[in-house]
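File shown: model36.json. Contents: JSON, C-alpha atoms.
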[["chain", "number", "residue", "atom", "x", "y", "z"],
["M", 67, "MET", "CA", -109.91, 88.82, -37.58],
["M", 68, "PRO", "CA", -109.64, 91.79, -35.21],
["M", 69, "HIS", "CA", -112.80, 92.39, -33.21],
["M", 70, "LYS", "CA", -114.78, 95.35, -34.56],
["M", 71, "MET", "CA", -115.67, 97.91, -31.94],
["M", 72, "ALA", "CA", -119.40, 98.23, -31.26],
["M", 73, "GLU", "CA", -121.00, 100.72, -33.64],
["M", 74, "LYS", "CA", -122.19, 103.85, -31.86],
["M", 75, "VAL", "CA", -125.62, 105.16, -32.82],
["M", 76, "LEU", "CA", -127.28, 108.45, -31.89],
["M", 77, "ILE", "CA", -131.06, 108.78, -32.23],
["M", 78, "VAL", "CA", -132.22, 112.40, -32.24],
["M", 79, "TYR", "CA", -135.87, 112.03, -31.28],
["M", 80, "ALA", "CA", -138.65, 114.62, -31.35],
["M", 81, "HIS", "CA", -142.08, 113.64, -30.11],
["M", 82, "GLN", "CA", -143.98, 114.84, -27.07],
["M", 83, "SER", "CA", -145.69, 111.54, -26.23],
["M", 84, "THR", "CA", -144.29, 108.21, -25.02],
["M", 85, "GLY", "CA", -147.45, 106.57, -26.39],
["M", 86, "SER", "CA", -146.89, 107.81, -29.95],
["M", 87, "PHE", "CA", -146.04, 105.84, -33.07],
["M", 88, "ASN", "CA", -142.79, 107.85, -33.22],
["M", 89, "ALA", "CA", -141.93, 106.59, -29.72],
["M", 90, "ALA", "CA", -142.60, 103.02, -30.86],
["M", 91, "ALA", "CA", -140.39, 103.51, -33.95],
["M", 92, "LYS", "CA", -137.61, 104.96, -31.77],
["M", 93, "ASP", "CA", -137.92, 102.10, -29.25],
["M", 94, "ALA", "CA", -137.82, 99.54, -32.08],
["M", 95, "ALA", "CA", -134.53, 101.06, -33.30],
["M", 96, "VAL", "CA", -133.02, 101.11, -29.80],
["M", 97, "THR", "CA", -133.98, 97.45, -29.23],
["M", 98, "ALA", "CA", -132.88, 96.14, -32.65],
["M", 99, "LEU", "CA", -129.57, 98.01, -32.75],
["M", 100, "THR", "CA", -128.70, 97.20, -29.13],
["M", 101, "ALA", "CA", -129.36, 93.52, -29.89],
["M", 102, "GLN", "CA", -126.78, 93.80, -32.71],
["M", 103, "GLY", "CA", -124.21, 95.00, -30.17],
["M", 104, "CYS", "CA", -124.47, 98.71, -30.96],
["M", 105, "LYS", "CA", -124.16, 101.34, -28.28],
["M", 106, "VAL", "CA", -127.28, 103.45, -28.74],
["M", 107, "GLU", "CA", -127.81, 106.89, -27.25],
["M", 108, "VAL", "CA", -131.08, 108.87, -27.53],
["M", 109, "SER", "CA", -131.41, 112.65, -27.42],
["M", 110, "ASP", "CA", -135.09, 113.00, -26.45],
["M", 111, "LEU", "CA", -135.45, 116.66, -27.35],
["M", 112, "TYR", "CA", -138.82, 117.42, -25.72],
["M", 113, "ALA", "CA", -137.86, 115.57, -22.52],
["M", 114, "MET", "CA", -134.60, 117.54, -22.48],
["M", 115, "LYS", "CA", -136.57, 120.77, -23.07],
["M", 116, "PHE", "CA", -133.98, 121.41, -25.76],
["M", 117, "LYS", "CA", -133.73, 125.09, -26.69],
["M", 118, "ALA", "CA", -134.61, 125.63, -30.34],
["M", 119, "SER", "CA", -133.53, 129.24, -30.91],
["M", 120, "ALA", "CA", -129.98, 130.12, -31.93],
["M", 121, "THR", "CA", -129.09, 133.06, -29.69],
["M", 122, "VAL", "CA", -126.20, 134.77, -27.93],
["M", 123, "ASP", "CA", -127.05, 132.65, -24.86],
["M", 124, "ASP", "CA", -125.38, 129.73, -26.64],
["M", 125, "ILE", "CA", -122.02, 131.38, -25.88],
["M", 126, "THR", "CA", -120.39, 131.70, -22.45],
["M", 127, "GLY", "CA", -118.41, 134.88, -21.87],
["M", 128, "GLU", "CA", -117.82, 137.84, -24.17],
["M", 129, "VAL", "CA", -118.77, 137.90, -27.84],
["M", 130, "LYS", "CA", -116.49, 139.43, -30.43],
["M", 131, "ASP", "CA", -119.01, 141.88, -31.87],
["M", 132, "ALA", "CA", -122.19, 142.34, -29.83],
["M", 133, "GLU", "CA", -123.50, 145.15, -32.03],
["M", 134, "HIS", "CA", -123.39, 143.08, -35.25],
["M", 135, "PHE", "CA", -123.86, 139.65, -33.75],
["M", 136, "GLN", "CA", -123.21, 136.89, -36.30],
["M", 137, "TYR", "CA", -124.27, 133.54, -34.90],
["M", 138, "GLY", "CA", -122.09, 131.38, -37.17],
["M", 139, "GLU", "CA", -118.86, 133.31, -36.65],
["M", 140, "GLU", "CA", -119.37, 133.80, -32.91],
["M", 141, "THR", "CA", -120.26, 130.16, -32.20],
["M", 142, "MET", "CA", -117.30, 128.93, -34.26],
["M", 143, "LEU", "CA", -115.00, 131.07, -32.12],
["M", 144, "ALA", "CA", -116.74, 129.87, -28.93],
["M", 145, "TRP", "CA", -116.42, 126.25, -30.10],
["M", 146, "LYS", "CA", -112.68, 126.68, -30.72],
["M", 147, "GLU", "CA", -112.26, 128.25, -27.28],
["M", 148, "GLY", "CA", -114.53, 125.80, -25.44],
["M", 149, "ARG", "CA", -117.11, 128.48, -24.62],
["M", 150, "LEU", "CA", -120.29, 126.96, -26.08],
["M", 151, "SER", "CA", -123.22, 126.32, -23.75],
["M", 152, "ALA", "CA", -123.30, 122.93, -21.99],
["M", 153, "ASP", "CA", -126.32, 121.60, -23.92],
["M", 154, "ILE", "CA", -124.56, 122.12, -27.27],
["M", 155, "THR", "CA", -121.26, 120.69, -26.01],
["M", 156, "GLU", "CA", -123.07, 117.58, -24.77],
["M", 157, "GLU", "CA", -124.66, 117.01, -28.20],
["M", 158, "HIS", "CA", -121.26, 117.61, -29.86],
["M", 159, "CYS", "CA", -119.81, 114.78, -27.74],
["M", 160, "LYS", "CA", -122.63, 112.40, -28.73],
["M", 161, "LEU", "CA", -122.34, 113.35, -32.40],
["M", 162, "SER", "CA", -118.53, 113.02, -32.46],
["M", 163, "GLU", "CA", -118.80, 109.45, -31.15],
["M", 164, "ALA", "CA", -121.71, 108.36, -33.35],
["M", 165, "GLU", "CA", -121.13, 106.44, -36.56],
["M", 166, "LEU", "CA", -124.83, 106.50, -37.42],
["M", 167, "VAL", "CA", -127.37, 109.22, -36.60],
["M", 168, "ILE", "CA", -131.11, 108.55, -36.92],
["M", 169, "PHE", "CA", -133.52, 111.49, -36.82],
["M", 170, "GLN", "CA", -136.93, 110.23, -35.62],
["M", 171, "PHE", "CA", -139.81, 112.71, -35.92],
["M", 172, "PRO", "CA", -143.31, 113.48, -37.18],
["M", 173, "MET", "CA", -143.16, 115.60, -40.33],
["M", 174, "TYR", "CA", -144.43, 119.12, -39.57],
["M", 175, "TRP", "CA", -145.18, 121.39, -42.54],
["M", 176, "PHE", "CA", -143.06, 119.28, -44.94],
["M", 177, "THR", "CA", -140.02, 119.43, -42.64],
["M", 178, "VAL", "CA", -138.75, 118.65, -39.13],
["M", 179, "PRO", "CA", -140.45, 120.03, -35.98],
["M", 180, "ALA", "CA", -139.00, 123.31, -34.66],
["M", 181, "ILE", "CA", -137.23, 121.63, -31.73],
["M", 182, "MET", "CA", -135.35, 119.34, -34.13],
["M", 183, "LYS", "CA", -134.56, 122.20, -36.51],
["M", 184, "GLY", "CA", -133.18, 123.97, -33.43],
["M", 185, "TRP", "CA", -130.95, 120.97, -32.76],
["M", 186, "MET", "CA", -129.66, 121.24, -36.33],
["M", 187, "ASP", "CA", -129.21, 125.03, -36.14],
["M", 188, "ARG", "CA", -127.38, 124.92, -32.79],
["M", 189, "VAL", "CA", -125.49, 121.61, -32.81],
["M", 190, "LEU", "CA", -124.22, 121.63, -36.42],
["M", 191, "THR", "CA", -121.86, 124.46, -35.51],
["M", 192, "LEU", "CA", -119.69, 126.17, -38.10],
["M", 193, "GLY", "CA", -116.19, 124.69, -37.77],
["M", 194, "PHE", "CA", -117.43, 121.62, -35.89],
["M", 195, "ALA", "CA", -119.88, 120.29, -38.52],
["M", 196, "TYR", "CA", -118.94, 122.15, -41.71],
["M", 197, "THR", "CA", -116.77, 124.88, -43.21],
["M", 198, "SER", "CA", -116.84, 126.46, -46.66],
["M", 199, "GLU", "CA", -113.97, 124.13, -47.64],
["M", 200, "LYS", "CA", -115.29, 121.01, -45.92],
["M", 201, "ARG", "CA", -118.84, 120.36, -47.08],
["M", 202, "TYR", "CA", -120.86, 117.94, -49.20],
["M", 203, "SER", "CA", -118.79, 114.94, -50.34],
["M", 204, "GLN", "CA", -115.69, 116.47, -48.72],
["M", 205, "GLY", "CA", -117.65, 117.21, -45.55],
["M", 206, "ILE", "CA", -116.49, 116.81, -41.96],
["M", 207, "PHE", "CA", -118.83, 113.87, -41.27],
["M", 208, "LYS", "CA", -118.05, 111.91, -44.44],
["M", 209, "ASP", "CA", -117.23, 108.80, -42.39],
["M", 210, "LYS", "CA", -120.60, 108.90, -40.61],
["M", 211, "LYS", "CA", -124.04, 107.84, -41.79],
["M", 212, "ALA", "CA", -127.32, 109.64, -41.12],
["M", 213, "MET", "CA", -130.94, 109.04, -41.98],
["M", 214, "LEU", "CA", -134.44, 110.41, -41.51],
["M", 215, "SER", "CA", -137.16, 108.21, -40.01],
["M", 216, "PHE", "CA", -140.51, 109.96, -39.83],
["M", 217, "THR", "CA", -144.29, 109.79, -39.86],
["M", 218, "THR", "CA", -146.53, 111.74, -42.23],
["M", 219, "GLY", "CA", -150.09, 112.96, -41.86],
["M", 220, "SER", "CA", -150.79, 112.38, -45.56],
["M", 221, "GLN", "CA", -150.99, 109.06, -47.36],
["M", 222, "GLU", "CA", -148.26, 108.07, -49.81],
["M", 223, "SER", "CA", -150.31, 108.81, -52.96],
["M", 224, "MET", "CA", -150.58, 112.47, -51.90],
["M", 225, "PHE", "CA", -146.75, 112.75, -51.93],
["M", 226, "SER", "CA", -146.36, 111.30, -55.43],
["M", 227, "ALA", "CA", -145.25, 113.17, -58.56],
["M", 228, "ASN", "CA", -148.91, 113.78, -59.46],
["M", 229, "GLY", "CA", -150.26, 113.98, -55.89],
["M", 230, "ILE", "CA", -151.58, 117.11, -54.22],
["M", 231, "ASN", "CA", -148.50, 117.52, -51.95],
["M", 232, "GLY", "CA", -146.05, 116.95, -54.78],
["M", 233, "ASP", "CA", -143.11, 114.58, -55.03],
["M", 234, "MET", "CA", -141.64, 113.46, -51.68],
["M", 235, "ASN", "CA", -138.20, 113.46, -53.35],
["M", 236, "VAL", "CA", -138.53, 117.24, -53.69],
["M", 237, "THR", "CA", -139.67, 117.63, -50.07],
["M", 238, "LEU", "CA", -136.66, 115.68, -48.78],
["M", 239, "TRP", "CA", -133.99, 117.42, -50.87],
["M", 240, "PRO", "CA", -133.45, 120.40, -48.51],
["M", 241, "LEU", "CA", -133.14, 118.11, -45.48],
["M", 242, "GLN", "CA", -131.08, 115.31, -46.99],
["M", 243, "ASN", "CA", -128.90, 117.35, -49.32],
["M", 244, "GLY", "CA", -128.96, 120.79, -47.67],
["M", 245, "ILE", "CA", -128.36, 119.65, -44.08],
["M", 246, "LEU", "CA", -127.19, 116.04, -43.81],
["M", 247, "HIS", "CA", -125.11, 115.70, -46.97],
["M", 248, "TYR", "CA", -123.94, 119.32, -46.61],
["M", 249, "CYS", "CA", -122.17, 118.23, -43.40],
["M", 250, "GLY", "CA", -120.70, 115.28, -45.29],
["M", 251, "PHE", "CA", -122.96, 112.53, -43.93],
["M", 252, "GLN", "CA", -123.53, 109.47, -46.07],
["M", 253, "VAL", "CA", -127.33, 109.59, -46.21],
["M", 254, "LEU", "CA", -129.22, 106.33, -45.92],
["M", 255, "ALA", "CA", -132.64, 106.04, -47.56],
["M", 256, "PRO", "CA", -135.36, 107.50, -45.35],
["M", 257, "GLN", "CA", -137.77, 105.31, -43.38],
["M", 258, "ILE", "CA", -141.20, 106.77, -44.05],
["M", 259, "PHE", "CA", -144.24, 105.72, -42.03],
["M", 260, "TRP", "CA", -147.14, 106.90, -44.16],
["M", 261, "ALA", "CA", -150.14, 108.32, -42.27],
["M", 262, "PRO", "CA", -150.14, 106.04, -39.20],
["M", 263, "PRO", "CA", -153.17, 107.77, -37.61],
["M", 264, "HIS", "CA", -155.32, 106.94, -40.63],
["M", 265, "ILE", "CA", -154.70, 103.20, -40.91],
["M", 266, "PRO", "CA", -155.81, 100.16, -38.89],
["M", 267, "ALA", "CA", -153.75, 99.00, -35.87],
["M", 268, "GLU", "CA", -152.61, 95.86, -37.74],
["M", 269, "ALA", "CA", -151.20, 98.02, -40.55],
["M", 270, "ARG", "CA", -149.28, 100.08, -37.99],
["M", 271, "ASP", "CA", -147.88, 96.86, -36.51],
["M", 272, "SER", "CA", -146.79, 95.79, -40.01],
["M", 273, "MET", "CA", -145.04, 99.12, -40.51],
["M", 274, "LEU", "CA", -143.06, 98.66, -37.28],
["M", 275, "GLU", "CA", -142.26, 95.08, -38.26],
["M", 276, "ALA", "CA", -140.89, 96.28, -41.63],
["M", 277, "TRP", "CA", -138.73, 98.81, -39.76],
["M", 278, "ARG", "CA", -137.44, 96.09, -37.41],
["M", 279, "THR", "CA", -136.56, 93.95, -40.43],
["M", 280, "ARG", "CA", -134.76, 96.84, -42.11],
["M", 281, "LEU", "CA", -132.83, 97.58, -38.89],
["M", 282, "GLN", "CA", -131.26, 94.10, -39.08],
["M", 283, "GLY", "CA", -129.27, 95.13, -42.15],
["M", 284, "LEU", "CA", -129.26, 98.91, -41.73],
["M", 285, "LEU", "CA", -125.55, 99.23, -40.88],
["M", 286, "GLY", "CA", -124.61, 97.53, -44.14],
["M", 287, "GLU", "CA", -126.83, 99.61, -46.41],
["M", 288, "VAL", "CA", -125.47, 101.62, -49.34],
["M", 289, "PRO", "CA", -126.20, 105.37, -49.05],
["M", 290, "LEU", "CA", -128.11, 107.59, -51.47],
["M", 291, "THR", "CA", -126.13, 109.06, -54.36],
["M", 292, "PHE", "CA", -125.17, 112.74, -54.51],
["M", 293, "THR", "CA", -123.05, 114.59, -57.08],
["M", 294, "PRO", "CA", -119.43, 114.75, -55.81],
["M", 295, "SER", "CA", -118.13, 118.20, -54.80],
["M", 296, "ASP", "CA", -115.26, 117.98, -57.28],
["M", 297, "SER", "CA", -117.81, 118.00, -60.13],
["M", 298, "PHE", "CA", -118.26, 121.73, -59.48],
["M", 299, "ASP", "CA", -115.94, 124.55, -60.46],
["M", 300, "GLY", "CA", -115.12, 126.86, -57.54],
["M", 301, "GLY", "CA", -113.69, 129.41, -59.96],
["M", 302, "ARG", "CA", -117.02, 129.61, -61.81],
["M", 303, "GLY", "CA", -119.31, 130.10, -58.83],
["M", 304, "PHE", "CA", -119.43, 126.37, -58.05],
["M", 305, "GLN", "CA", -121.31, 125.49, -61.21],
["M", 306, "LEU", "CA", -121.15, 122.02, -62.69],
["M", 307, "LYS", "CA", -117.91, 121.59, -64.66],
["M", 308, "GLU", "CA", -118.41, 121.63, -68.42],
["M", 309, "ASP", "CA", -116.90, 118.18, -68.94],
["M", 310, "VAL", "CA", -119.30, 116.74, -66.32],
["M", 311, "GLN", "CA", -122.23, 118.43, -68.07],
["M", 312, "GLU", "CA", -121.11, 117.02, -71.42],
["M", 313, "LYS", "CA", -120.77, 113.55, -69.95],
["M", 314, "HIS", "CA", -124.38, 113.70, -68.76],
["M", 315, "SER", "CA", -125.82, 115.54, -71.77],
["M", 316, "ALA", "CA", -127.31, 112.39, -73.32],
["M", 317, "ASN", "CA", -128.99, 111.30, -70.07],
["M", 318, "ALA", "CA", -132.77, 111.55, -69.99],
["M", 319, "PHE", "CA", -132.71, 112.71, -66.35],
["M", 320, "GLY", "CA", -130.94, 115.44, -64.40],
["M", 321, "LEU", "CA", -128.26, 114.58, -61.85],
["M", 322, "SER", "CA", -130.45, 115.05, -58.80],
["M", 323, "VAL", "CA", -133.55, 116.80, -57.49],
["M", 324, "GLY", "CA", -131.76, 120.16, -57.19],
["M", 325, "ILE", "CA", -129.12, 119.76, -59.90],
["M", 326, "HIS", "CA", -131.64, 118.79, -62.53],
["M", 327, "LEU", "CA", -130.09, 120.63, -65.52],
["M", 328, "GLY", "CA", -133.60, 121.50, -66.69],
["M", 329, "LYS", "CA", -134.40, 117.81, -67.25],
["M", 330, "PRO", "CA", -136.87, 115.44, -65.57],
["M", 331, "LEU", "CA", -135.80, 114.55, -62.03],
["M", 332, "PRO", "CA", -134.13, 111.17, -61.56],
["M", 333, "PRO", "CA", -136.93, 109.00, -60.10],
["M", 334, "ASN", "CA", -136.77, 108.32, -56.35],
["M", 335, "SER", "CA", -133.19, 109.57, -55.92],
["M", 336, "GLN", "CA", -134.05, 110.80, -52.39],
["M", 337, "LEU", "CA", -136.00, 107.67, -51.44],
["M", 338, "LYS", "CA", -133.89, 104.74, -52.67],
["M", 339, "ALA", "CA", -130.17, 104.00, -52.84],
["M", 340, "GLY", "CA", -128.57, 103.07, -56.13],
["M", 341, "VAL", "CA", -130.95, 104.96, -58.44]]
Have the structure of the file written as structure tokens, please.
Amino acid sequence: MPHKMAEKVLIVYAHQSTGSFNAAAKDAAVTALTAQGCKVEVSDLYAMKFKASATVDDITGEVKDAEHFQYGEETMLAWKEGRLSADITEEHCKLSEAELVIFQFPMYWFTVPAIMKGWMDRVLTLGFAYTSEKRYSQGIFKDKKAMLSFTTGSQESMFSANGINGDMNVTLWPLQNGILHYCGFQVLAPQIFWAPPHIPAEARDSMLEAWRTRLQGLLGEVPLTFTPSDSFDGGRGFQLKEDVQEKHSANAFGLSVGIHLGKPLPPNSQLKAGV
């Protein structure tokens, strides 16, 4: 059999402290994946002092329309002409090479910290990461995998369907569908470390051990399921095609968290593969 090239992994990491649980989770991934022969690169966003705001400074040279500056259009042009700022270009190189991207972060306000959102806003450039034709299941990164690995401040019960924070599947939909899958990524189930500050040290050790165990088989995991792009009719405002709706009409659940068809959400569709 031909020798398979080492899998390249990019970990986009956002925590200020090397003594944090997030740092330990990131280090566990680096160690486990490197041991499997992967080439692992880490973008340590705070250490890099990564700029979060999407501004005209991301472009070298003249912009097309300074008076009505449109970030998406201008950065796409700059990308095509090789005029994006060095920090973005560097992340583009890492992302182009990576077959798996892991986002490691503490959940802030039900989403990623600002510095990581800035990475997404600035690095997932129009043209490079998505276009209006190439998105979702036909997306540019459809041969790559991505996943979220994060800590919460709240315990798991609080993020349940009858918990005070609401269903974690709903919380994750904008990140996993609206950013990762939008760019075409095959999205692996998230790794959620529930409330590490509020549990005993042994429980934190067990959480890291479970992550190390999962990392052994991570590259072979099946991704989460999303509705294919060709199920929607571009001529009708990208609504679900009637034949697809009819096919699912007898189902007790909607297709996904967002495309729920007014029915109960499919349980754990953003948390587990194959549901």
Would you mind listing what lies within 10 Å of M:Ile325 as a PyMOL selection string, with only C-alpha atoms counted and same-chain residues fewer than 3 positions away left out? chain M and resi 292-293+305-306+320-322+328-329+331
Between atom CA of M:Cys159 and atom CA of M:Phe87, distance in Å (one decimal):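 Distance between the two atoms: 28.2 Å.
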Nearest residue to M:Pro294 out of M:Thr237, M:Asn334, M:Ser215, M:Gln204, using only C-alpha atoms?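 So, comparing all the options, the nearest one is M:Gln204.
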Separation of atom CA of M:Ser297 from atom CA of M:Lys313 in Å: 11.2 Å
For the point (-122.9, 133.3, -28.4) in the file's frame, write as an MDAnalysis selection string all residues with an atom no more than 6 Å away, counting only C-alpha atoms. chainID M and resid 122:125 140:141
Between atom CA of M:Met182 and atom CA of M:His81 - distance in Å to one decimal: 9.7 Å
Among the residues M:Ala120, M:Cys104, M:Ile181, M:Ala195, the one that comes closest to M:Leu285 [using all atoms listed in the file]: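 Closest residue, counting all atoms listed in the file: M:Cys104.
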Distance criterion (only C-alpha atoms): nearest to M:Gly286 out of M:Val189, M:Leu150, M:Leu327, M:Leu254: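 The closest residue to M:Gly286 is M:Leu254.
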I need the residue nearest M:Lys117 from this list: M:Ile77, M:Met173, M:Met186, M:Ile206. Use only C-alpha atoms for the distance.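 Closest candidate: M:Met186.
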Where is the centre and how long are the edges: axis-aligned box on stretch 279-282 of chain M, 4 Å on each side, Å to one decimal, as lines of an AutoDock Vina configuration file:
center_x = -133.9
center_y = 95.8
center_z = -40.5
size_x = 13.3
size_y = 11.6
size_z = 11.2
Of the candidates M:Thr121, M:Ser86, M:Asn235, M:Ser220, which shows the shortest atom-to-atom distance to M:Ser335, using only C-alpha atoms?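 So, comparing all the options, the nearest one is M:Asn235.
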I'd like the contact shell of M:Glu139 - 10 Å cut-off, all atoms listed in the file, skipping same-chain residues fewer than 5 positions apart - returned as a PyMOL selection string. chain M and resi 129-131+144-145+191-193
Could you check which of M:Ala91, M:Phe251, M:Asp187, M:Pro172 is closest to M:Ser272, using only C-alpha atoms? M:Ala91
Using all atoms listed in the file, what residues lie at most 7 Å away from (-131.8, 108.3, -28.4) (file coordinates), given as a ChimeraX atom specification? /M:76-79,106-110
Report as a PyMOL selection string all protein, DNA and RNA residues lying within 12 Å of stretch 259-269 of chain M, evaluated on only C-alpha atoms, omitting residues in the same chain fewer than 4 positions from it. chain M and resi 86-88+90-91+170-173+214-225+234+273-277
Keeping only C-alpha atoms, write those residues as a JSON list (two decimals), in the frame of the given file.
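Result file follows (result25.json):
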[["chain", "number", "residue", "atom", "x", "y", "z"],
["M", 86, "SER", "CA", -146.89, 107.81, -29.95],
["M", 87, "PHE", "CA", -146.04, 105.84, -33.07],
["M", 88, "ASN", "CA", -142.79, 107.85, -33.22],
["M", 90, "ALA", "CA", -142.60, 103.02, -30.86],
["M", 91, "ALA", "CA", -140.39, 103.51, -33.95],
["M", 170, "GLN", "CA", -136.93, 110.23, -35.62],
["M", 171, "PHE", "CA", -139.81, 112.71, -35.92],
["M", 172, "PRO", "CA", -143.31, 113.48, -37.18],
["M", 173, "MET", "CA", -143.16, 115.60, -40.33],
["M", 214, "LEU", "CA", -134.44, 110.41, -41.51],
["M", 215, "SER", "CA", -137.16, 108.21, -40.01],
["M", 216, "PHE", "CA", -140.51, 109.96, -39.83],
["M", 217, "THR", "CA", -144.29, 109.79, -39.86],
["M", 218, "THR", "CA", -146.53, 111.74, -42.23],
["M", 219, "GLY", "CA", -150.09, 112.96, -41.86],
["M", 220, "SER", "CA", -150.79, 112.38, -45.56],
["M", 221, "GLN", "CA", -150.99, 109.06, -47.36],
["M", 222, "GLU", "CA", -148.26, 108.07, -49.81],
["M", 223, "SER", "CA", -150.31, 108.81, -52.96],
["M", 224, "MET", "CA", -150.58, 112.47, -51.90],
["M", 225, "PHE", "CA", -146.75, 112.75, -51.93],
["M", 234, "MET", "CA", -141.64, 113.46, -51.68],
["M", 273, "MET", "CA", -145.04, 99.12, -40.51],
["M", 274, "LEU", "CA", -143.06, 98.66, -37.28],
["M", 275, "GLU", "CA", -142.26, 95.08, -38.26],
["M", 276, "ALA", "CA", -140.89, 96.28, -41.63],
["M", 277, "TRP", "CA", -138.73, 98.81, -39.76]]
Hey, what's within 6 Å of M:Tyr202 if we count all atoms listed in the file and toss same-chain stuff fewer than 4 positions away? As a list in words, please? His247, Tyr248, Cys249 and Gly250 of chain M
